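As provided, entry.txt (compact mmCIF, N, CA and C atoms) reads as follows.
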# COMPACT_ATOMS: atom_id res chain seq x y z
N MET E 102 107.27 86.02 196.86
CA MET E 102 107.03 84.62 196.60
C MET E 102 107.29 83.82 197.86
N TYR E 103 108.39 83.07 197.93
CA TYR E 103 108.61 82.21 199.08
C TYR E 103 110.08 82.15 199.45
N LEU E 104 110.79 83.22 199.17
CA LEU E 104 112.19 83.31 199.55
C LEU E 104 112.34 84.32 200.68
N LYS E 105 113.49 84.33 201.32
CA LYS E 105 113.69 85.12 202.52
C LYS E 105 113.92 86.60 202.27
N LYS E 106 114.69 86.94 201.26
CA LYS E 106 115.06 88.34 201.01
C LYS E 106 113.97 89.07 200.24
N LYS E 107 114.06 90.39 200.28
CA LYS E 107 113.09 91.22 199.56
C LYS E 107 113.48 91.39 198.10
N TYR E 108 114.77 91.54 197.82
CA TYR E 108 115.25 91.75 196.45
C TYR E 108 116.32 90.72 196.13
N TYR E 109 116.35 90.30 194.87
CA TYR E 109 117.35 89.34 194.42
C TYR E 109 117.99 89.84 193.14
N TYR E 110 119.26 89.55 193.01
CA TYR E 110 120.00 89.89 191.82
C TYR E 110 120.62 88.62 191.26
N PRO E 111 120.30 88.26 190.05
CA PRO E 111 120.86 87.03 189.48
C PRO E 111 122.34 87.19 189.18
N ASP E 112 123.04 86.05 189.02
CA ASP E 112 124.46 86.09 188.71
C ASP E 112 124.71 86.64 187.31
N MET E 113 123.80 86.35 186.38
CA MET E 113 124.00 86.80 185.01
C MET E 113 122.64 86.89 184.31
N VAL E 114 122.49 87.88 183.45
CA VAL E 114 121.29 88.01 182.63
C VAL E 114 121.69 88.26 181.18
N LEU E 115 120.81 87.87 180.30
CA LEU E 115 121.00 88.14 178.88
C LEU E 115 119.69 88.73 178.37
N HIS E 116 119.79 89.94 177.84
CA HIS E 116 118.59 90.57 177.30
C HIS E 116 119.00 91.53 176.20
N HIS E 117 118.04 91.85 175.37
CA HIS E 117 118.24 92.85 174.34
C HIS E 117 117.82 94.17 174.96
N LYS E 118 118.76 95.09 175.07
CA LYS E 118 118.47 96.34 175.76
C LYS E 118 117.51 97.20 174.95
N ASP E 119 116.41 97.52 175.58
CA ASP E 119 115.41 98.39 175.00
C ASP E 119 114.83 99.20 176.15
N VAL E 120 115.06 100.47 176.13
CA VAL E 120 114.66 101.33 177.25
C VAL E 120 113.16 101.28 177.51
N LEU E 121 112.37 101.12 176.48
CA LEU E 121 110.92 101.21 176.63
C LEU E 121 110.24 99.89 176.96
N SER E 122 110.95 98.77 176.87
CA SER E 122 110.29 97.49 177.05
C SER E 122 111.25 96.46 177.65
N SER E 123 110.67 95.52 178.37
CA SER E 123 111.46 94.39 178.86
C SER E 123 111.00 93.10 178.19
N ASP E 124 110.37 93.22 177.03
CA ASP E 124 109.91 92.04 176.29
C ASP E 124 111.06 91.13 175.88
N ASN E 125 112.26 91.67 175.83
CA ASN E 125 113.41 90.90 175.36
C ASN E 125 114.29 90.38 176.50
N ASN E 126 113.69 90.14 177.66
CA ASN E 126 114.42 89.49 178.75
C ASN E 126 114.59 88.02 178.37
N MET E 127 115.77 87.65 177.92
CA MET E 127 116.00 86.34 177.33
C MET E 127 116.35 85.26 178.36
N LEU E 128 117.40 85.51 179.16
CA LEU E 128 117.97 84.44 179.97
C LEU E 128 118.43 84.98 181.31
N VAL E 129 118.13 84.26 182.37
CA VAL E 129 118.62 84.59 183.70
C VAL E 129 119.39 83.37 184.20
N CYS E 130 120.55 83.61 184.83
CA CYS E 130 121.45 82.50 185.16
C CYS E 130 121.96 82.60 186.59
N GLU E 131 122.00 81.45 187.27
CA GLU E 131 122.65 81.30 188.57
C GLU E 131 123.80 80.32 188.38
N ILE E 132 124.94 80.63 188.95
CA ILE E 132 126.15 79.83 188.74
C ILE E 132 126.69 79.36 190.09
N LYS E 133 127.05 78.08 190.15
CA LYS E 133 127.66 77.49 191.35
C LYS E 133 128.90 76.70 190.97
N ARG E 134 129.87 76.66 191.87
CA ARG E 134 131.00 75.75 191.71
C ARG E 134 130.62 74.41 192.32
N LYS E 135 131.15 73.34 191.75
CA LYS E 135 130.82 71.99 192.21
C LYS E 135 131.10 71.81 193.70
N ASP E 136 132.16 72.42 194.19
CA ASP E 136 132.54 72.22 195.59
C ASP E 136 131.78 73.15 196.55
N ASN E 137 130.86 73.95 196.03
CA ASN E 137 130.06 74.82 196.88
C ASN E 137 128.62 74.88 196.38
N LEU E 138 127.88 73.81 196.60
CA LEU E 138 126.49 73.75 196.15
C LEU E 138 125.51 74.22 197.23
N ASP E 139 126.04 74.77 198.33
CA ASP E 139 125.16 75.33 199.35
C ASP E 139 124.31 76.43 198.71
N GLY E 140 123.07 76.46 199.05
CA GLY E 140 122.18 77.48 198.51
C GLY E 140 121.61 77.13 197.14
N MET E 141 121.84 75.89 196.70
CA MET E 141 121.35 75.46 195.38
C MET E 141 119.82 75.58 195.30
N GLU E 142 119.14 75.14 196.32
CA GLU E 142 117.67 75.19 196.32
C GLU E 142 117.18 76.63 196.20
N GLU E 143 117.78 77.53 196.97
CA GLU E 143 117.38 78.93 196.92
C GLU E 143 117.67 79.54 195.55
N ASP E 144 118.80 79.18 194.93
CA ASP E 144 119.13 79.70 193.60
C ASP E 144 118.10 79.27 192.56
N ILE E 145 117.67 78.02 192.63
CA ILE E 145 116.68 77.53 191.67
C ILE E 145 115.33 78.21 191.91
N LYS E 146 114.98 78.42 193.16
CA LYS E 146 113.75 79.15 193.47
C LYS E 146 113.84 80.59 192.98
N LYS E 147 115.03 81.17 193.10
CA LYS E 147 115.24 82.53 192.61
C LYS E 147 115.03 82.58 191.10
N LEU E 148 115.56 81.58 190.38
CA LEU E 148 115.35 81.51 188.93
C LEU E 148 113.85 81.45 188.62
N SER E 149 113.12 80.65 189.38
CA SER E 149 111.68 80.52 189.11
C SER E 149 110.97 81.85 189.30
N MET E 150 111.45 82.67 190.24
CA MET E 150 110.85 83.99 190.43
C MET E 150 111.05 84.87 189.20
N PHE E 151 112.25 84.83 188.62
CA PHE E 151 112.53 85.66 187.46
C PHE E 151 111.80 85.17 186.21
N LEU E 152 111.29 83.94 186.24
CA LEU E 152 110.53 83.40 185.11
C LEU E 152 109.03 83.58 185.29
N SER E 153 108.63 84.08 186.43
CA SER E 153 107.22 84.14 186.78
C SER E 153 106.61 85.50 186.46
N GLU E 154 105.38 85.46 185.97
CA GLU E 154 104.61 86.69 185.74
C GLU E 154 104.29 87.38 187.07
N LYS E 155 104.30 86.62 188.16
CA LYS E 155 103.88 87.14 189.45
C LYS E 155 104.93 88.03 190.11
N LEU E 156 106.17 88.00 189.61
CA LEU E 156 107.24 88.77 190.24
C LEU E 156 107.03 90.26 189.99
N ARG E 157 106.80 90.98 191.04
CA ARG E 157 106.69 92.43 190.95
C ARG E 157 107.27 93.01 192.23
N THR E 158 108.16 93.95 192.10
CA THR E 158 108.69 94.64 193.26
C THR E 158 108.59 96.13 193.01
N LYS E 159 108.77 96.90 194.05
CA LYS E 159 108.71 98.36 193.90
C LYS E 159 109.83 98.87 193.01
N LYS E 160 110.94 98.13 192.94
CA LYS E 160 112.08 98.56 192.13
C LYS E 160 111.84 98.38 190.64
N GLN E 161 110.90 97.55 190.26
CA GLN E 161 110.69 97.25 188.84
C GLN E 161 109.64 98.18 188.23
N SER E 162 109.81 98.43 186.95
CA SER E 162 108.82 99.25 186.25
C SER E 162 107.56 98.43 186.03
N GLN E 163 106.49 99.10 185.71
CA GLN E 163 105.22 98.42 185.42
C GLN E 163 105.34 97.57 184.16
N ASN E 164 106.30 97.89 183.29
CA ASN E 164 106.45 97.18 182.02
C ASN E 164 107.32 95.93 182.13
N TRP E 165 107.75 95.58 183.35
CA TRP E 165 108.65 94.44 183.51
C TRP E 165 108.00 93.16 183.01
N LYS E 166 108.77 92.36 182.28
CA LYS E 166 108.31 91.05 181.77
C LYS E 166 109.27 89.98 182.28
N PRO E 167 108.77 88.77 182.55
CA PRO E 167 109.66 87.71 183.03
C PRO E 167 110.65 87.27 181.95
N TYR E 168 111.72 86.65 182.41
CA TYR E 168 112.71 86.09 181.47
C TYR E 168 112.12 84.86 180.81
N LYS E 169 112.60 84.55 179.62
CA LYS E 169 112.07 83.42 178.86
C LYS E 169 112.65 82.09 179.32
N ARG E 170 113.91 82.07 179.76
CA ARG E 170 114.57 80.83 180.19
C ARG E 170 115.46 81.12 181.39
N GLY E 171 115.64 80.08 182.21
CA GLY E 171 116.57 80.16 183.34
C GLY E 171 117.63 79.09 183.19
N VAL E 172 118.84 79.38 183.66
CA VAL E 172 119.94 78.41 183.60
C VAL E 172 120.56 78.30 184.98
N PHE E 173 120.68 77.07 185.45
CA PHE E 173 121.42 76.78 186.67
C PHE E 173 122.69 76.07 186.24
N LEU E 174 123.82 76.75 186.32
CA LEU E 174 125.09 76.26 185.80
C LEU E 174 125.99 75.82 186.94
N ILE E 175 126.46 74.57 186.87
CA ILE E 175 127.43 74.06 187.84
C ILE E 175 128.76 73.92 187.13
N ILE E 176 129.78 74.59 187.66
CA ILE E 176 131.11 74.52 187.07
C ILE E 176 131.95 73.54 187.87
N ASP E 177 132.49 72.54 187.19
CA ASP E 177 133.31 71.50 187.81
C ASP E 177 134.60 71.41 187.02
N SER E 178 135.66 72.05 187.52
CA SER E 178 136.92 72.05 186.79
C SER E 178 137.83 70.89 187.19
N SER E 179 137.42 70.13 188.20
CA SER E 179 138.27 69.01 188.63
C SER E 179 138.06 67.82 187.71
N LYS E 180 139.04 66.94 187.67
CA LYS E 180 138.91 65.73 186.86
C LYS E 180 138.57 64.52 187.74
N GLU E 181 138.52 64.73 189.04
CA GLU E 181 138.16 63.64 189.94
C GLU E 181 136.86 63.99 190.67
N ASP E 182 136.12 62.99 191.06
CA ASP E 182 134.84 63.17 191.75
C ASP E 182 133.92 64.11 190.99
N ILE E 183 133.80 63.88 189.71
CA ILE E 183 132.98 64.73 188.86
C ILE E 183 131.51 64.58 189.24
N ILE E 184 130.84 65.69 189.40
CA ILE E 184 129.41 65.63 189.66
C ILE E 184 128.71 65.20 188.36
N ASN E 185 127.73 64.35 188.49
CA ASN E 185 127.01 63.89 187.31
C ASN E 185 125.51 64.07 187.55
N TRP E 186 124.72 63.70 186.55
CA TRP E 186 123.27 63.91 186.65
C TRP E 186 122.67 63.13 187.81
N GLU E 187 123.17 61.92 188.05
CA GLU E 187 122.63 61.11 189.14
C GLU E 187 122.88 61.78 190.49
N ASN E 188 124.10 62.30 190.68
CA ASN E 188 124.42 62.99 191.93
C ASN E 188 123.60 64.27 192.09
N LEU E 189 123.44 64.99 190.99
CA LEU E 189 122.65 66.22 191.04
C LEU E 189 121.19 65.90 191.36
N ASN E 190 120.68 64.84 190.75
CA ASN E 190 119.30 64.43 191.01
C ASN E 190 119.10 64.12 192.49
N LYS E 191 120.07 63.44 193.11
CA LYS E 191 119.98 63.11 194.55
C LYS E 191 119.94 64.38 195.39
N LYS E 192 120.78 65.36 195.03
CA LYS E 192 120.80 66.62 195.78
C LYS E 192 119.49 67.38 195.62
N LEU E 193 118.93 67.35 194.41
CA LEU E 193 117.68 68.07 194.15
C LEU E 193 116.47 67.38 194.78
N SER E 194 116.54 66.06 194.94
CA SER E 194 115.38 65.31 195.44
C SER E 194 115.01 65.67 196.87
N VAL E 195 115.92 66.23 197.64
CA VAL E 195 115.61 66.63 199.01
C VAL E 195 115.13 68.08 199.10
N CYS E 196 115.10 68.76 197.99
CA CYS E 196 114.67 70.16 197.95
C CYS E 196 113.15 70.24 197.78
N ASP E 197 112.57 71.31 198.27
CA ASP E 197 111.13 71.51 198.13
C ASP E 197 110.85 72.50 197.00
N PHE E 198 110.47 71.96 195.85
CA PHE E 198 110.13 72.79 194.70
C PHE E 198 108.62 72.73 194.42
N SER E 199 107.84 72.44 195.44
CA SER E 199 106.40 72.26 195.26
C SER E 199 105.68 73.53 194.80
N ARG E 200 106.25 74.68 195.08
CA ARG E 200 105.61 75.93 194.68
C ARG E 200 105.99 76.37 193.27
N ILE E 201 106.88 75.63 192.63
CA ILE E 201 107.26 75.95 191.25
C ILE E 201 106.38 75.12 190.33
N ASP E 202 105.64 75.79 189.45
CA ASP E 202 104.73 75.06 188.56
C ASP E 202 105.51 74.30 187.48
N ASP E 203 104.85 73.32 186.87
CA ASP E 203 105.50 72.45 185.89
C ASP E 203 106.03 73.21 184.68
N ASN E 204 105.31 74.23 184.23
CA ASN E 204 105.77 75.01 183.09
C ASN E 204 107.09 75.71 183.41
N THR E 205 107.18 76.29 184.60
CA THR E 205 108.41 76.97 185.00
C THR E 205 109.56 75.97 185.14
N LYS E 206 109.28 74.78 185.69
CA LYS E 206 110.32 73.75 185.81
C LYS E 206 110.87 73.37 184.44
N SER E 207 110.04 73.42 183.41
CA SER E 207 110.52 73.07 182.07
C SER E 207 111.29 74.22 181.43
N GLN E 208 111.26 75.41 182.03
CA GLN E 208 112.00 76.56 181.51
C GLN E 208 113.35 76.74 182.19
N ILE E 209 113.64 75.94 183.22
CA ILE E 209 114.92 76.04 183.92
C ILE E 209 115.82 74.91 183.43
N TYR E 210 116.95 75.28 182.86
CA TYR E 210 117.91 74.32 182.32
C TYR E 210 119.08 74.17 183.28
N CYS E 211 119.38 72.94 183.66
CA CYS E 211 120.51 72.65 184.53
C CYS E 211 121.66 72.17 183.65
N ILE E 212 122.81 72.78 183.83
CA ILE E 212 123.98 72.46 183.02
C ILE E 212 125.15 72.14 183.94
N ILE E 213 125.84 71.05 183.63
CA ILE E 213 127.08 70.74 184.34
C ILE E 213 128.20 70.97 183.34
N TYR E 214 129.08 71.92 183.64
CA TYR E 214 130.19 72.20 182.74
C TYR E 214 131.48 71.69 183.36
N ASN E 215 132.07 70.69 182.74
CA ASN E 215 133.33 70.16 183.25
C ASN E 215 134.27 69.70 182.15
N GLY E 216 133.93 69.94 180.91
CA GLY E 216 134.80 69.55 179.81
C GLY E 216 134.67 68.10 179.40
N ASN E 217 133.81 67.33 180.07
CA ASN E 217 133.62 65.92 179.75
C ASN E 217 132.46 65.80 178.75
N GLU E 218 132.77 65.48 177.50
CA GLU E 218 131.75 65.45 176.45
C GLU E 218 130.74 64.31 176.63
N LYS E 219 131.02 63.33 177.46
CA LYS E 219 130.11 62.20 177.63
C LYS E 219 128.88 62.58 178.46
N ILE E 220 128.96 63.66 179.21
CA ILE E 220 127.82 64.09 180.01
C ILE E 220 126.91 64.92 179.12
N PRO E 221 125.60 64.66 179.15
CA PRO E 221 124.67 65.46 178.34
C PRO E 221 124.86 66.95 178.59
N LYS E 222 124.59 67.74 177.59
CA LYS E 222 124.82 69.18 177.70
C LYS E 222 123.91 69.86 178.70
N TYR E 223 122.65 69.44 178.77
CA TYR E 223 121.73 70.05 179.73
C TYR E 223 120.53 69.13 179.96
N LYS E 224 119.85 69.40 181.06
CA LYS E 224 118.56 68.77 181.36
C LYS E 224 117.69 69.84 181.99
N THR E 225 116.39 69.75 181.76
CA THR E 225 115.50 70.70 182.43
C THR E 225 115.30 70.24 183.86
N LEU E 226 114.87 71.17 184.69
CA LEU E 226 114.56 70.83 186.08
C LEU E 226 113.48 69.76 186.12
N SER E 227 112.51 69.85 185.21
CA SER E 227 111.44 68.82 185.13
C SER E 227 112.03 67.44 184.91
N GLU E 228 112.97 67.33 183.98
CA GLU E 228 113.60 66.03 183.67
C GLU E 228 114.37 65.50 184.87
N LEU E 229 115.05 66.38 185.60
CA LEU E 229 115.84 65.93 186.75
C LEU E 229 114.97 65.47 187.91
N LEU E 230 113.79 66.05 188.03
CA LEU E 230 112.92 65.71 189.15
C LEU E 230 112.00 64.54 188.89
N GLU E 231 112.04 63.98 187.66
CA GLU E 231 111.17 62.83 187.31
C GLU E 231 111.53 61.62 188.11

Could you spell out this file's structure in structure tokens?
Amino acid sequence: MYLKKKYYYPDMVLHHKDVLSSDNNMLVCEIKRKDNLDGMEEDIKKLSMFLSEKLRTKKQSQNWKPYKRGVFLIIDSSKEDIINWENLNKKLSVCDFSRIDDNTKSQIYCIIYNGNEKIPKYKTLSELLE
């Protein structure tokens, strides 16, 4: 696609194990700490690759199917300088996601986990980039 490395391994995956099929590839996740958002753009692009029908590598079987949803999770355990949707939107606005189609953007969920119930639980990448 458009990333630097040849192979990528996500931070976390959720799938129903079936030796004969990858139809049950449910969720692929990239996780970042609030104080280390370096590489955020590359992580989101990596998620888009795992959601794409176009992803094929020599390491994958011919039966490989893309994941149904992607999650970009930001963990913020501090109670001060909490990252919020507005701050995240500013950070994302300088990124180049032009090669990610609109359907894929709607399949990537951005979550800020910090224990503050007033912050919405999630937003799609499409919603954040509006």

Please check which residues have atoms at most 5 Å from (117.3, 85.7, 179.9) in the file's coordinates, counting only N, CA and C atoms, and write them as a PDB file with N, CA and C atoms, keeping the file's coordinate frame.
ATOM      1  N   LEU E 115     120.810  87.870 180.300  1.00  0.00           N
ATOM      2  CA  LEU E 115     121.000  88.140 178.880  1.00  0.00           C
ATOM      3  C   LEU E 115     119.690  88.730 178.370  1.00  0.00           C
ATOM      4  N   ASN E 126     113.690  90.140 177.660  1.00  0.00           N
ATOM      5  CA  ASN E 126     114.420  89.490 178.750  1.00  0.00           C
ATOM      6  C   ASN E 126     114.590  88.020 178.370  1.00  0.00           C
ATOM      7  N   MET E 127     115.770  87.650 177.920  1.00  0.00           N
ATOM      8  CA  MET E 127     116.000  86.340 177.330  1.00  0.00           C
ATOM      9  C   MET E 127     116.350  85.260 178.360  1.00  0.00           C
ATOM     10  N   LEU E 128     117.400  85.510 179.160  1.00  0.00           N
ATOM     11  CA  LEU E 128     117.970  84.440 179.970  1.00  0.00           C
ATOM     12  C   LEU E 128     118.430  84.980 181.310  1.00  0.00           C
ATOM     13  N   VAL E 129     118.130  84.260 182.370  1.00  0.00           N
ATOM     14  CA  VAL E 129     118.620  84.590 183.700  1.00  0.00           C
ATOM     15  C   VAL E 129     119.390  83.370 184.200  1.00  0.00           C
ATOM     16  N   TYR E 168     111.720  86.650 182.410  1.00  0.00           N
ATOM     17  CA  TYR E 168     112.710  86.090 181.470  1.00  0.00           C
ATOM     18  C   TYR E 168     112.120  84.860 180.810  1.00  0.00           C
ATOM     19  N   LYS E 169     112.600  84.550 179.620  1.00  0.00           N
ATOM     20  CA  LYS E 169     112.070  83.420 178.860  1.00  0.00           C
ATOM     21  C   LYS E 169     112.650  82.090 179.320  1.00  0.00           C
ATOM     22  N   ARG E 170     113.910  82.070 179.760  1.00  0.00           N
ATOM     23  CA  ARG E 170     114.570  80.830 180.190  1.00  0.00           C
ATOM     24  C   ARG E 170     115.460  81.120 181.390  1.00  0.00           C
TER      25      ARG E 170
END

- Query: Hey, can you pull every residue with an atom no more than 7 Å from (108.3, 83.3, 182.5), using all atoms listed in the file, and send it as JSON, numbers by chain?
  - Reply: {"E": [151, 152, 153, 154, 166, 167, 168, 169, 170, 205]}

Run DSSP on the backbone and grab whatever in stretch 109-158 of chain E lands in strand (DSSP E or B); send it over as a tab-separated table (two decimals) with N, CA and C atoms, in the coordinates of the input.
chain	number	residue	atom	x	y	z
E	113	MET	N	123.80	86.35	186.38
E	113	MET	CA	124.00	86.80	185.01
E	113	MET	C	122.64	86.89	184.31
E	114	VAL	N	122.49	87.88	183.45
E	114	VAL	CA	121.29	88.01	182.63
E	114	VAL	C	121.69	88.26	181.18
E	115	LEU	N	120.81	87.87	180.30
E	115	LEU	CA	121.00	88.14	178.88
E	115	LEU	C	119.69	88.73	178.37
E	116	HIS	N	119.79	89.94	177.84
E	116	HIS	CA	118.59	90.57	177.30
E	116	HIS	C	119.00	91.53	176.20
E	126	ASN	N	113.69	90.14	177.66
E	126	ASN	CA	114.42	89.49	178.75
E	126	ASN	C	114.59	88.02	178.37
E	127	MET	N	115.77	87.65	177.92
E	127	MET	CA	116.00	86.34	177.33
E	127	MET	C	116.35	85.26	178.36
E	128	LEU	N	117.40	85.51	179.16
E	128	LEU	CA	117.97	84.44	179.97
E	128	LEU	C	118.43	84.98	181.31
E	129	VAL	N	118.13	84.26	182.37
E	129	VAL	CA	118.62	84.59	183.70
E	129	VAL	C	119.39	83.37	184.20
E	130	CYS	N	120.55	83.61	184.83
E	130	CYS	CA	121.45	82.50	185.16
E	130	CYS	C	121.96	82.60	186.59
E	131	GLU	N	122.00	81.45	187.27
E	131	GLU	CA	122.65	81.30	188.57
E	131	GLU	C	123.80	80.32	188.38
E	132	ILE	N	124.94	80.63	188.95
E	132	ILE	CA	126.15	79.83	188.74
E	132	ILE	C	126.69	79.36	190.09
E	133	LYS	N	127.05	78.08	190.15
E	133	LYS	CA	127.66	77.49	191.35
E	133	LYS	C	128.90	76.70	190.97
E	134	ARG	N	129.87	76.66	191.87
E	134	ARG	CA	131.00	75.75	191.71
E	134	ARG	C	130.62	74.41	192.32

Residues within 10 Å of E:Asp197, only C-alpha atoms, excluding chain neighbours under 4 positions, as a JSON list (two decimals) with N, CA and C atoms, in the frame of the given file:
[["chain", "number", "residue", "atom", "x", "y", "z"],
["E", 142, "GLU", "N", 119.14, 75.14, 196.32],
["E", 142, "GLU", "CA", 117.67, 75.19, 196.32],
["E", 142, "GLU", "C", 117.18, 76.63, 196.20],
["E", 143, "GLU", "N", 117.78, 77.53, 196.97],
["E", 143, "GLU", "CA", 117.38, 78.93, 196.92],
["E", 143, "GLU", "C", 117.67, 79.54, 195.55],
["E", 146, "LYS", "N", 114.98, 78.42, 193.16],
["E", 146, "LYS", "CA", 113.75, 79.15, 193.47],
["E", 146, "LYS", "C", 113.84, 80.59, 192.98],
["E", 193, "LEU", "N", 118.93, 67.35, 194.41],
["E", 193, "LEU", "CA", 117.68, 68.07, 194.15],
["E", 193, "LEU", "C", 116.47, 67.38, 194.78],
["E", 201, "ILE", "N", 106.88, 75.63, 192.63],
["E", 201, "ILE", "CA", 107.26, 75.95, 191.25],
["E", 201, "ILE", "C", 106.38, 75.12, 190.33]]

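Compared by their closest atoms to E:Phe173, and using only C-alpha atoms, the residues E:Met150, E:Leu230, E:Val114, E:Met141 rank with E:Met141 nearest.
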
- Could you check how far atom CA of E:Cys211 sits from atom CA of E:Glu231, in Å to one decimal? 13.8 Å

- Message: One number please: atom C of E:Ile132 to atom CA of E:Ile213, in Å, one decimal.
- Response: 10.4 Å

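Within 9 Å of E:Ser178, once only C-alpha atoms are used and residues closer than 6 positions along the same chain are dropped, the contacting residues are Arg134, Lys135, Tyr214, Asn215 and Gly216 of chain E.
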
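Computed from the coordinates, the atom CA of E:Asn185 to atom CA of E:Tyr109 distance equals 28.1 Å.
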
- Item | Residue nearest E:Ser194 - candidates E:Met113, E:Leu148, E:Leu229, E:Leu138, atoms counted: all atoms listed in the file | E:Leu229
